[in-house]
Amino acid sequence: MWKYILKRVLLAILTVLLICIITFFLMNAIPGGPFNKEKALSQATIEALNARYNLDKPVFTQFLLYMKNLLHGDFGVSLKNGREIKDIISDSFPISCRLGLTAVTIALIFGTIFGSLAALMRNKLPDRIIVFLSTLFTAVPSFVLATLLLLVFSIELGWVPVWSATETHYTLPVIALCAYPMAYVTRLAKTSMLDALSQDYIRTAKAKGVKKSLIIFKHALRNSLLPVITYAGPEIAYIITGSMVVETVFTVGGIGSKFVSAISNRDYTMIMATTIFLATLMVVANLICDLLYKVVDPRIKYD
Amino acid sequence: MENYDVNKMPKKQFLSAQIDLSKFEKATDEEKQQQDIMGESTTFFKDGMKKLLKNPLAVASMIVLLFVITVIIVAPMIVPYSYEEILTVNGKRDKGAKNLKPFTYSKEEQKFIANGGERFPHIMGTDEQCRDYFIRVVYGTRVSLIVGFFASIIVLIIGMIYGSISGYAGGRVDLFMMRVVDLIYSLPDMLVIILLSVVFTNVLSFKSGSFLAALGTNMVSMFMVFGLLYWVTMARLIRAEILSIKENDYILAAKSVGASPVSIIKKHILPNCLSVIIISTALQIPSAIFTESYLSFVGLGVQAPMPSLGSLANAAREGLQSYPYKLVFPALMICLIVLSLNLIGDGLRDAFDPKLKR
């Protein structure tokens with residue numbers, strides 16, 4: 001078991017390192033330095049700036065310097081507004097995190113409930129409605145749903161005010177974020193519930209006269225949760241970081257929308273820093289979930 | 001046994017176990033036919049297609065998809081506008097044709113029609129740059145479908161080759177190749193895609209007039225990204241299939257008569273993974289369309305003025321209050337395409353996955 005953990009941790013570290021390397025060298029491959037502005041600077045100024053930011057050194061030395069700074073928690077400075085990227089991240093990340101966690105919790109809980117319900121009432125009306133809705137919502141991209149929600153509830157009906165820095169309304173972004181994972185979890189939970197219900201131990205339990213509620217909650221549900229947990233791990237990591245589109249649509253000042261604006265502004269240091277930060281977060285979250293999964297399902301062998 | 005007679009049978013001995021044929025009736029021809037094998041022999045593919053065609057949802061989705069494909073092929077031939085053409089009346093730029101509602105004409109156009117001219121209706125209105133919106137949505141759908149289709153083919157080819165080699169070779173080669181897959185698999189795909197797109201759109205440049213230049217750097221970079229990242233799932237699936245298939249005796253037989261590994265993989269192994277390949281390719285297409293529209297929405301998709309459904313939806317966000325139909329059309333199109341592709345994929349899985357057979 002320890003060997004397995006060690007292997008996974010090493011792989012995670014390697015991945016993070018790979019991400020840093022890819023990000024750094026890709027960003028360096030883009031032609032044009034950070035000081036190429038419309039107003040041409042004098043040669044001396046550019047040289048001075050390059051020396052100040054170590055841009056006159058070989059690329060590999062720059063990479064080592066960058067890594068050293070990263071390990072000290074220094075992400076550098078945004079090219080566009082000169083703010084410390086560390087501050088930008090620590091300002092915006094909690095918002096994304098809260099938004100994402102709310103959405104993913106709702107998606108997991110209601111997805112499991114709906115999925116199990118559909119499986120228990122197979123081929124009846126509730127099952128058909130649930131299957132219809134979940135198939136529909138897996139086909140709607142989050143940005144479409146987000147924009148439509150904004151249009152209908154904020155602009156047309158005026159029920160929910162548009163997001164502002166002072167007034168935060170999580171309702172619509174959370175709905176937009178959790179729709180797809182909820183639909184997916186519902187489908188997942190339904191299949192695994194049906195699978196669990198057809199197992200021999202369920203028949204045994206029925207035969208010896210266990211109450212139906214007990215069979216469902218104690219035997220079927222517990223086993224049907226496993227695929228959901230497998231899905232939940234990466235999804236949690238993905239959703240707290242990957243809500244770029246939804247955040248942009250609702251103008252939520254989270255890290256996702258900061259990333260998107262960095263892309264459109266060609267703010268390369270910011271893109272680099274956010275990528276590395278988010279990627280590391282995802283890798284770590286995946287690692288934790290992978291390890292936890294072995295705790296949840298003891299039948300899995302360590303290989 | 002043909003010419004026997006019940007009466008001529010030897011006399012039954014006492015205590016003999018011989019049956020008394022006089023107590024039996026001869027089977028009629030009809031009854032004999034019941035013993036014939038009724039089902040026709042089918043191939044795996046035929047059987048799957050038959051089952052697929054019995055699935056009403058999948059058939060309906062195929063019809064919808066065929067309809068969409070017909071429209072996007074035929075429409076540009078009928079509609080006299082092009083996707084980047086700014087509307088003109090009598091050779092003069094029509095400045096009033098901005099943000100028209102569906103099936104309406106601008107003042108200039110109304111005058112033109114009143115004077116006896118004919119004007120093709122703007123089925124979905126026009127956009128803020130006086131371009132016919134219907135034809136833009138048609139081209140956007142083309143782009144999205146092409147991206148989805150070719151991206152899946154790229155993924156399929158790379159994944160198939162990589163997975164086959166890794167699975168067939170086994171041992172250390174397999175171990176190393178799968179570590180590479182693990183590594184790529186653990187990369188957060190959306191972030192890396194965005195990163196690669198940012199870089200590729202800046203770095204790549206093509207000779208004008210060449211095929212790649214016509215596609216645009218963003219489109220090419222998108223294909224490269226798919227080729228670089230998304231094949232890993234396919235490679236894993238195919239490797240797992242091959243690992244179990246290659247233990248079969250017919251592979252051993254092929255090996256013993258001296259078939260080369262390439263021909264064994266091509267002739268004996270890959271046809272047996274067909275169901276996995278078909279199903280996962282079919283489900284790859286909608287996910288590629290999703291990714292494309294997502295990238296276009298973030299501004300990294302196809303290059304303007306070429307539209308894609310994602311970039312059209314993104315552009316529609318400005319002026320959403322006044323012209324909501326500009327969002328609704330491309331959004332509906334994405335949902336329709338992805339929904340029908342998903343349903344077809346589900347139908348294929350039900351029809352072709354032998355493990356699901358009951």
# chains A, B, ... in the order shown; residues from 1 in each chain; ligands from 1

call {"tool": "interface_residues", "arguments": {"of": "chain A", "to": "chain B", "cutoff": "6 Å", "atoms": "only C-alpha atoms", "output": "list of chain:residue names"}}
result
A:Ile30, A:Ala139, A:Val140, A:Val144, A:Ala279

call {"tool": "residues_around", "arguments": {"residues": "A:Arg222", "least_positions_apart": "6", "cutoff": "10 Å", "atoms": "only C-alpha atoms", "output": "list in words"}}
result
Met193, Ala196 and Ile216 of chain A

call {"tool": "write_last_selection", "arguments": {"atoms": "C-alpha atoms", "output": "mmCIF file, in the first residue's frame"}}
result
data_model
loop_
_atom_site.group_PDB
_atom_site.id
_atom_site.type_symbol
_atom_site.label_atom_id
_atom_site.label_comp_id
_atom_site.auth_asym_id
_atom_site.auth_seq_id
_atom_site.Cartn_x
_atom_site.Cartn_y
_atom_site.Cartn_z
ATOM 1 C CA MET A 193 -28.136 1.677 -8.744
ATOM 2 C CA ALA A 196 -26.526 -2.875 -7.504
ATOM 3 C CA ILE A 216 -32.086 0.451 -0.469
#

call {"tool": "atom_distance", "arguments": {"atom1": "atom CA of B:Ile245", "atom2": "atom CA of B:Thr42"}}
result
21.8 Å

call {"tool": "closest_residue", "arguments": {"among": "A:Ile130, A:Val210, A:Val59, A:Ala285", "to": "A:Met182", "atoms": "only C-alpha atoms"}}
result
A:Ile130

call {"tool": "residues_around", "arguments": {"residues": "A:Thr138", "least_positions_apart": "3", "cutoff": "7 Å", "atoms": "only C-alpha atoms", "output": "ChimeraX atom specification"}}
result
/A:134-135,180,183-184

call {"tool": "atom_distance", "arguments": {"atom1": "atom CA of A:Phe277", "atom2": "atom CA of A:Asn50"}}
result
25.2 Å

call {"tool": "closest_residue", "arguments": {"among": "A:Ala232, A:Val296, A:Val283, A:Met270", "to": "A:Leu17", "atoms": "only C-alpha atoms"}}
result
A:Val283

call {"tool": "residues_around", "arguments": {"residues": "B:Gln129", "least_positions_apart": "3", "cutoff": "9 Å", "atoms": "only C-alpha atoms", "output": "mmCIF file with N, CA and C atoms, in the first residue's frame"}}
result
data_model
loop_
_atom_site.group_PDB
_atom_site.id
_atom_site.type_symbol
_atom_site.label_atom_id
_atom_site.label_comp_id
_atom_site.auth_asym_id
_atom_site.auth_seq_id
_atom_site.Cartn_x
_atom_site.Cartn_y
_atom_site.Cartn_z
ATOM 1 N N ILE B 86 -21.024 41.990 -46.166
ATOM 2 C CA ILE B 86 -21.852 43.034 -45.587
ATOM 3 C C ILE B 86 -22.920 43.388 -46.607
ATOM 4 N N LEU B 87 -24.171 43.409 -46.143
ATOM 5 C CA LEU B 87 -25.293 43.511 -47.074
ATOM 6 C C LEU B 87 -25.238 44.790 -47.901
ATOM 7 N N ALA B 97 -29.381 47.893 -42.420
ATOM 8 C CA ALA B 97 -29.611 46.460 -42.243
ATOM 9 C C ALA B 97 -28.899 45.914 -41.008
ATOM 10 N N LYS B 98 -28.805 46.760 -39.989
ATOM 11 C CA LYS B 98 -28.085 46.333 -38.790
ATOM 12 C C LYS B 98 -29.085 45.712 -37.814
ATOM 13 N N ASN B 99 -28.735 44.556 -37.236
ATOM 14 C CA ASN B 99 -29.547 43.922 -36.193
ATOM 15 C C ASN B 99 -31.024 43.803 -36.560
ATOM 16 N N THR B 126 -30.231 39.830 -39.091
ATOM 17 C CA THR B 126 -28.842 40.170 -39.414
ATOM 18 C C THR B 126 -28.098 40.494 -38.131
#

call {"tool": "residues_around", "arguments": {"residues": "A:Asp127", "least_positions_apart": "3", "cutoff": "12 Å", "atoms": "only C-alpha atoms", "output": "number ranges by chain"}}
result
A: 113-124, 130-134, 186-187, 190

call {"tool": "write_last_selection", "arguments": {"atoms": "N, CA and C atoms", "output": "PDB file, in the first residue's frame"}}
result
ATOM      1  N   ILE A 113     -29.677  11.451  -5.565  1.00  0.00           N
ATOM      2  CA  ILE A 113     -31.085  11.236  -5.209  1.00  0.00           C
ATOM      3  C   ILE A 113     -31.908  10.963  -6.465  1.00  0.00           C
ATOM      4  N   PHE A 114     -31.760  11.834  -7.467  1.00  0.00           N
ATOM      5  CA  PHE A 114     -32.555  11.672  -8.685  1.00  0.00           C
ATOM      6  C   PHE A 114     -32.224  10.360  -9.394  1.00  0.00           C
ATOM      7  N   GLY A 115     -30.938  10.058  -9.440  1.00  0.00           N
ATOM      8  CA  GLY A 115     -30.518   8.833 -10.120  1.00  0.00           C
ATOM      9  C   GLY A 115     -31.093   7.599  -9.444  1.00  0.00           C
ATOM     10  N   SER A 116     -31.009   7.555  -8.110  1.00  0.00           N
ATOM     11  CA  SER A 116     -31.526   6.397  -7.382  1.00  0.00           C
ATOM     12  C   SER A 116     -33.033   6.297  -7.551  1.00  0.00           C
ATOM     13  N   LEU A 117     -33.681   7.466  -7.493  1.00  0.00           N
ATOM     14  CA  LEU A 117     -35.138   7.505  -7.663  1.00  0.00           C
ATOM     15  C   LEU A 117     -35.527   6.930  -9.023  1.00  0.00           C
ATOM     16  N   ALA A 118     -34.790   7.344 -10.050  1.00  0.00           N
ATOM     17  CA  ALA A 118     -35.094   6.858 -11.398  1.00  0.00           C
ATOM     18  C   ALA A 118     -34.910   5.350 -11.470  1.00  0.00           C
ATOM     19  N   ALA A 119     -33.854   4.853 -10.804  1.00  0.00           N
ATOM     20  CA  ALA A 119     -33.595   3.416 -10.855  1.00  0.00           C
ATOM     21  C   ALA A 119     -34.680   2.644 -10.112  1.00  0.00           C
ATOM     22  N   LEU A 120     -35.132   3.198  -8.974  1.00  0.00           N
ATOM     23  CA  LEU A 120     -36.131   2.490  -8.172  1.00  0.00           C
ATOM     24  C   LEU A 120     -37.499   2.496  -8.846  1.00  0.00           C
ATOM     25  N   MET A 121     -37.766   3.552  -9.614  1.00  0.00           N
ATOM     26  CA  MET A 121     -39.071   3.629 -10.295  1.00  0.00           C
ATOM     27  C   MET A 121     -38.871   3.397 -11.775  1.00  0.00           C
ATOM     28  N   ARG A 122     -38.116   2.409 -12.113  1.00  0.00           N
ATOM     29  CA  ARG A 122     -37.741   2.190 -13.497  1.00  0.00           C
ATOM     30  C   ARG A 122     -38.959   2.086 -14.409  1.00  0.00           C
ATOM     31  N   ASN A 123     -38.873   2.815 -15.535  1.00  0.00           N
ATOM     32  CA  ASN A 123     -39.918   2.809 -16.568  1.00  0.00           C
ATOM     33  C   ASN A 123     -41.240   3.406 -16.118  1.00  0.00           C
ATOM     34  N   LYS A 124     -41.242   4.079 -14.955  1.00  0.00           N
ATOM     35  CA  LYS A 124     -42.456   4.805 -14.591  1.00  0.00           C
ATOM     36  C   LYS A 124     -42.257   6.276 -14.941  1.00  0.00           C
ATOM     37  N   ILE A 130     -36.949  12.183 -15.287  1.00  0.00           N
ATOM     38  CA  ILE A 130     -35.566  12.375 -14.855  1.00  0.00           C
ATOM     39  C   ILE A 130     -34.603  12.057 -15.992  1.00  0.00           C
ATOM     40  N   VAL A 131     -34.843  10.950 -16.690  1.00  0.00           N
ATOM     41  CA  VAL A 131     -33.952  10.580 -17.794  1.00  0.00           C
ATOM     42  C   VAL A 131     -33.991  11.639 -18.889  1.00  0.00           C
ATOM     43  N   PHE A 132     -35.190  12.124 -19.193  1.00  0.00           N
ATOM     44  CA  PHE A 132     -35.321  13.151 -20.222  1.00  0.00           C
ATOM     45  C   PHE A 132     -34.511  14.392 -19.854  1.00  0.00           C
ATOM     46  N   LEU A 133     -34.716  14.880 -18.599  1.00  0.00           N
ATOM     47  CA  LEU A 133     -34.036  16.101 -18.189  1.00  0.00           C
ATOM     48  C   LEU A 133     -32.524  15.909 -18.157  1.00  0.00           C
ATOM     49  N   SER A 134     -32.076  14.766 -17.651  1.00  0.00           N
ATOM     50  CA  SER A 134     -30.628  14.590 -17.534  1.00  0.00           C
ATOM     51  C   SER A 134     -29.990  14.451 -18.914  1.00  0.00           C
ATOM     52  N   THR A 186     -26.618  12.041 -12.174  1.00  0.00           N
ATOM     53  CA  THR A 186     -27.904  11.347 -12.204  1.00  0.00           C
ATOM     54  C   THR A 186     -27.829  10.100 -13.074  1.00  0.00           C
ATOM     55  N   ARG A 187     -27.272  10.272 -14.274  1.00  0.00           N
ATOM     56  CA  ARG A 187     -27.172   9.115 -15.169  1.00  0.00           C
ATOM     57  C   ARG A 187     -26.285   8.027 -14.573  1.00  0.00           C
ATOM     58  N   LYS A 190     -27.979   6.313 -11.687  1.00  0.00           N
ATOM     59  CA  LYS A 190     -29.053   5.419 -12.114  1.00  0.00           C
ATOM     60  C   LYS A 190     -28.495   4.076 -12.568  1.00  0.00           C
TER      61      LYS A 190
END

call {"tool": "select_by_dssp", "arguments": {"residues": "stretch 45-288 of chain B", "states": "alpha helix (DSSP H)", "output": "PyMOL selection string"}}
result
chain B and resi 45-54+56-78+107-114+133-169+171-186+189-203+211-215+217-229+231-245+249-256+261-263+274-288

call {"tool": "residues_around", "arguments": {"residues": "stretch 291-294 of chain A", "least_positions_apart": "3", "cutoff": "9 Å", "atoms": "only C-alpha atoms", "output": "list in words"}}
result
Ile5, Arg8, Leu226, Ile229, Thr230, Gly233, Asn286, Leu287, Ile288, Asp297, Pro298, Arg299, Ile300, Lys301 and Tyr302 of chain A

call {"tool": "write_last_selection", "arguments": {"atoms": "N, CA and C atoms", "output": "mmCIF file, in the first residue's frame"}}
result
data_model
loop_
_atom_site.group_PDB
_atom_site.id
_atom_site.type_symbol
_atom_site.label_atom_id
_atom_site.label_comp_id
_atom_site.auth_asym_id
_atom_site.auth_seq_id
_atom_site.Cartn_x
_atom_site.Cartn_y
_atom_site.Cartn_z
ATOM 1 N N ILE A 5 1.064 4.431 -2.636
ATOM 2 C CA ILE A 5 0.966 5.859 -2.301
ATOM 3 C C ILE A 5 2.193 6.607 -2.814
ATOM 4 N N ARG A 8 2.000 7.121 -6.524
ATOM 5 C CA ARG A 8 1.052 8.153 -6.922
ATOM 6 C C ARG A 8 1.604 9.546 -6.610
ATOM 7 N N LEU A 226 -20.155 4.153 -5.407
ATOM 8 C CA LEU A 226 -18.741 4.101 -5.794
ATOM 9 C C LEU A 226 -18.422 4.813 -7.106
ATOM 10 N N ILE A 229 -18.408 8.492 -6.611
ATOM 11 C CA ILE A 229 -17.222 9.017 -5.925
ATOM 12 C C ILE A 229 -16.056 9.128 -6.905
ATOM 13 N N THR A 230 -15.905 8.125 -7.768
ATOM 14 C CA THR A 230 -14.830 8.201 -8.760
ATOM 15 C C THR A 230 -14.976 9.446 -9.607
ATOM 16 N N GLY A 233 -14.229 13.099 -7.598
ATOM 17 C CA GLY A 233 -12.863 13.578 -7.338
ATOM 18 C C GLY A 233 -12.392 14.593 -8.352
ATOM 19 N N ASN A 286 -6.808 15.476 -7.324
ATOM 20 C CA ASN A 286 -6.933 14.146 -7.914
ATOM 21 C C ASN A 286 -6.198 13.102 -7.100
ATOM 22 N N LEU A 287 -5.003 13.491 -6.639
ATOM 23 C CA LEU A 287 -4.191 12.572 -5.833
ATOM 24 C C LEU A 287 -4.948 12.174 -4.572
ATOM 25 N N ILE A 288 -5.489 13.195 -3.874
ATOM 26 C CA ILE A 288 -6.200 12.920 -2.627
ATOM 27 C C ILE A 288 -7.388 11.989 -2.894
ATOM 28 N N ASP A 297 -13.383 1.956 -1.057
ATOM 29 C CA ASP A 297 -13.657 0.642 -1.625
ATOM 30 C C ASP A 297 -12.489 -0.301 -1.352
ATOM 31 N N PRO A 298 -12.581 -1.078 -0.270
ATOM 32 C CA PRO A 298 -11.446 -1.918 0.103
ATOM 33 C C PRO A 298 -11.220 -3.084 -0.856
ATOM 34 N N ARG A 299 -12.166 -3.311 -1.791
ATOM 35 C CA ARG A 299 -11.991 -4.449 -2.690
ATOM 36 C C ARG A 299 -10.916 -4.175 -3.731
ATOM 37 N N ILE A 300 -10.560 -2.895 -3.895
ATOM 38 C CA ILE A 300 -9.612 -2.563 -4.956
ATOM 39 C C ILE A 300 -8.204 -2.966 -4.557
ATOM 40 N N LYS A 301 -7.539 -3.591 -5.498
ATOM 41 C CA LYS A 301 -6.181 -4.056 -5.216
ATOM 42 C C LYS A 301 -5.193 -2.934 -5.494
ATOM 43 N N TYR A 302 -4.104 -2.921 -4.773
ATOM 44 C CA TYR A 302 -3.042 -1.962 -5.073
ATOM 45 C C TYR A 302 -2.112 -2.598 -6.074
#

call {"tool": "closest_residue", "arguments": {"among": "A:Leu197, A:Ile263, A:Val174, A:Ala12", "to": "A:Val104", "atoms": "only C-alpha atoms"}}
result
A:Val174
